[in-house]
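K.L.:
Quick one: the structure is below, questions incoming.
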Amino acid sequence: AAGVSRKTQELYLAVFVARYLDLFTDYISLYNSVMKIVFITTSAAIVWYMRRHPQVRRTYDRDQDTFRHVFLVAAAFALALIFNERFTLREICWAFSIYLEAVAILPQLVLLQRSRNVDNLTGQYVLFLGAYRAFYILNW
């Protein structure tokens with residue numbers, strides 16, 4: 001977990017949980033449902049490993065990962081309450097996930113700036129997070 005921001009991982013977990021609430025109400029396809037479950041469970045597993053697994057937790061640098069991500073959550077929630085398509089729980093959660101995902105990478109970038117030691121694997125991780133966002137935009 002060296003060089004990886006647990007706070008970014010927690011934000012992505014919140015993004016996927018909020019975005020995929022329709023998993024319990026709407027069935028689109030088996031593939032769609034499975035992928036939503038995969039996104040949520042893998043994100044939860046990463047957070048669990050970084051918080052609880054002794055070997056992984058030992059490599060996580062809490063002193064460098066000091067970004068106050070609670071402010072990002074609060075701002076995204078406030079924006080979701082103001083700017084949404086319809087004022088329903090599901091739509092607010094969807095808007096919240098969109099706004100939060102836009103800034104979820106910030107704790108990781110701040111961690112990399114503070115540590116000033118970007119190893120190859122961490123650099124590729126950030127590159128692929130950016131690529132994920134780029135392909136997401138192309139999908140829209």
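The chains in the structure tokens are called A, B, ... from first to last as shown; in each chain the residues are counted from 1, and the ligands are counted from 1 in the order shown.
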Counting only C-alpha atoms, what is within 12 Å of Ala76 in chain A, bar same-chain residues fewer than 3 positions away, as a ChimeraX atom specification?
P.N.:
/A:11,14-15,18,69-73,79-84,92-104
K.L.:
Using only C-alpha atoms, determine which residues lie at most 12 Å from Asp63 in chain A, disregarding the query and same-chain residues fewer than 4 positions distant; provide the list as a ChimeraX atom specification.
P.N.:
/A:2-3,5-6,59,67,111,114-115
K.L.:
Can you work out which one of A:Val47, A:Ala75, A:Ile105, A:Val110 has the shortest atom-to-atom distance to Tyr132 in chain A, counting only C-alpha atoms?
P.N.:
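Once distances to Tyr132 in chain A are computed over only C-alpha atoms, the minimum belongs to A:Ile105.
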K.L.:
One number please: CA of Tyr31 in chain A to CA of Ala131 in chain A, in Å, one decimal.
P.N.:
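Result for CA of Tyr31 in chain A versus CA of Ala131 in chain A: 22.2 Å, one decimal.
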K.L.:
Could you pull out the residues in chain A that DSSP calls alpha helix (DSSP H) from the backbone, as a ChimeraX atom specification?
P.N.:
/A:6-19,30-52,54-59,69-82,89-103,106-115,120-139
K.L.:
If you count only C-alpha atoms, which residues fall within 12 Å of Phe24 in chain A, apart from same-chain ones fewer than 3 positions away, as a PyMOL selection string?
P.N.:
chain A and resi 17-21+27-28+33+36-37+90
K.L.:
So that I can see what lies close to Asp119 in chain A, please list as a compact mmCIF listing (two decimals) with all heavy atoms, in the first residue's frame the residues with an atom at most 12 Å from it, counting only C-alpha atoms and leaving out residues fewer than 4 positions away in the same chain.
P.N.:
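Result file is out10.txt:
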# COMPACT_ATOMS: atom_id res chain seq x y z
N ALA A 1 0.81 -1.20 0.00
CA ALA A 1 0.00 0.00 0.00
C ALA A 1 0.85 1.26 0.00
O ALA A 1 0.33 2.35 0.05
CB ALA A 1 -0.92 0.00 1.21
N ALA A 2 2.17 1.08 -0.07
CA ALA A 2 3.06 2.24 -0.10
C ALA A 2 2.78 3.07 -1.34
O ALA A 2 2.73 2.56 -2.45
CB ALA A 2 4.51 1.79 -0.07
N GLY A 3 2.56 4.35 -1.16
CA GLY A 3 2.32 5.25 -2.28
C GLY A 3 0.87 5.32 -2.73
O GLY A 3 0.54 6.08 -3.63
N VAL A 4 -0.01 4.54 -2.10
CA VAL A 4 -1.42 4.53 -2.47
C VAL A 4 -2.22 5.22 -1.37
O VAL A 4 -2.05 4.93 -0.19
CB VAL A 4 -1.94 3.09 -2.69
CG1 VAL A 4 -3.43 3.08 -2.99
CG2 VAL A 4 -1.17 2.42 -3.81
N LEU A 112 1.13 11.83 -3.55
CA LEU A 112 2.30 11.73 -4.43
C LEU A 112 3.16 12.98 -4.35
O LEU A 112 4.39 12.90 -4.36
CB LEU A 112 1.87 11.48 -5.87
CG LEU A 112 1.24 10.12 -6.15
CD1 LEU A 112 0.80 10.03 -7.60
CD2 LEU A 112 2.20 9.00 -5.82
N SER A 115 5.02 12.88 -0.84
CA SER A 115 6.05 11.85 -0.69
C SER A 115 7.23 12.08 -1.63
O SER A 115 8.34 11.67 -1.32
CB SER A 115 5.46 10.46 -0.93
OG SER A 115 5.07 10.31 -2.27
N GLY A 123 3.00 5.18 -10.20
CA GLY A 123 2.84 6.03 -11.38
C GLY A 123 1.89 5.42 -12.40
O GLY A 123 1.04 6.10 -12.97
N GLN A 124 2.01 4.11 -12.60
CA GLN A 124 1.11 3.43 -13.53
C GLN A 124 -0.31 3.41 -13.00
O GLN A 124 -1.27 3.54 -13.76
CB GLN A 124 1.61 2.01 -13.80
CG GLN A 124 2.87 1.98 -14.62
CD GLN A 124 3.43 0.59 -14.76
OE1 GLN A 124 3.00 -0.34 -14.09
NE2 GLN A 124 4.42 0.46 -15.62
N TYR A 125 -0.46 3.26 -11.68
CA TYR A 125 -1.79 3.28 -11.06
C TYR A 125 -2.48 4.61 -11.33
O TYR A 125 -3.65 4.64 -11.75
CB TYR A 125 -1.65 3.02 -9.56
CG TYR A 125 -2.86 3.34 -8.76
CD1 TYR A 125 -4.01 2.56 -8.84
CD2 TYR A 125 -2.89 4.44 -7.89
CE1 TYR A 125 -5.14 2.86 -8.11
CE2 TYR A 125 -4.01 4.73 -7.15
CZ TYR A 125 -5.13 3.94 -7.26
OH TYR A 125 -6.24 4.24 -6.54
N VAL A 126 -1.78 5.71 -11.14
CA VAL A 126 -2.36 7.03 -11.37
C VAL A 126 -2.65 7.22 -12.86
O VAL A 126 -3.69 7.77 -13.24
CB VAL A 126 -1.43 8.14 -10.83
CG1 VAL A 126 -1.92 9.52 -11.23
CG2 VAL A 126 -1.34 8.03 -9.32
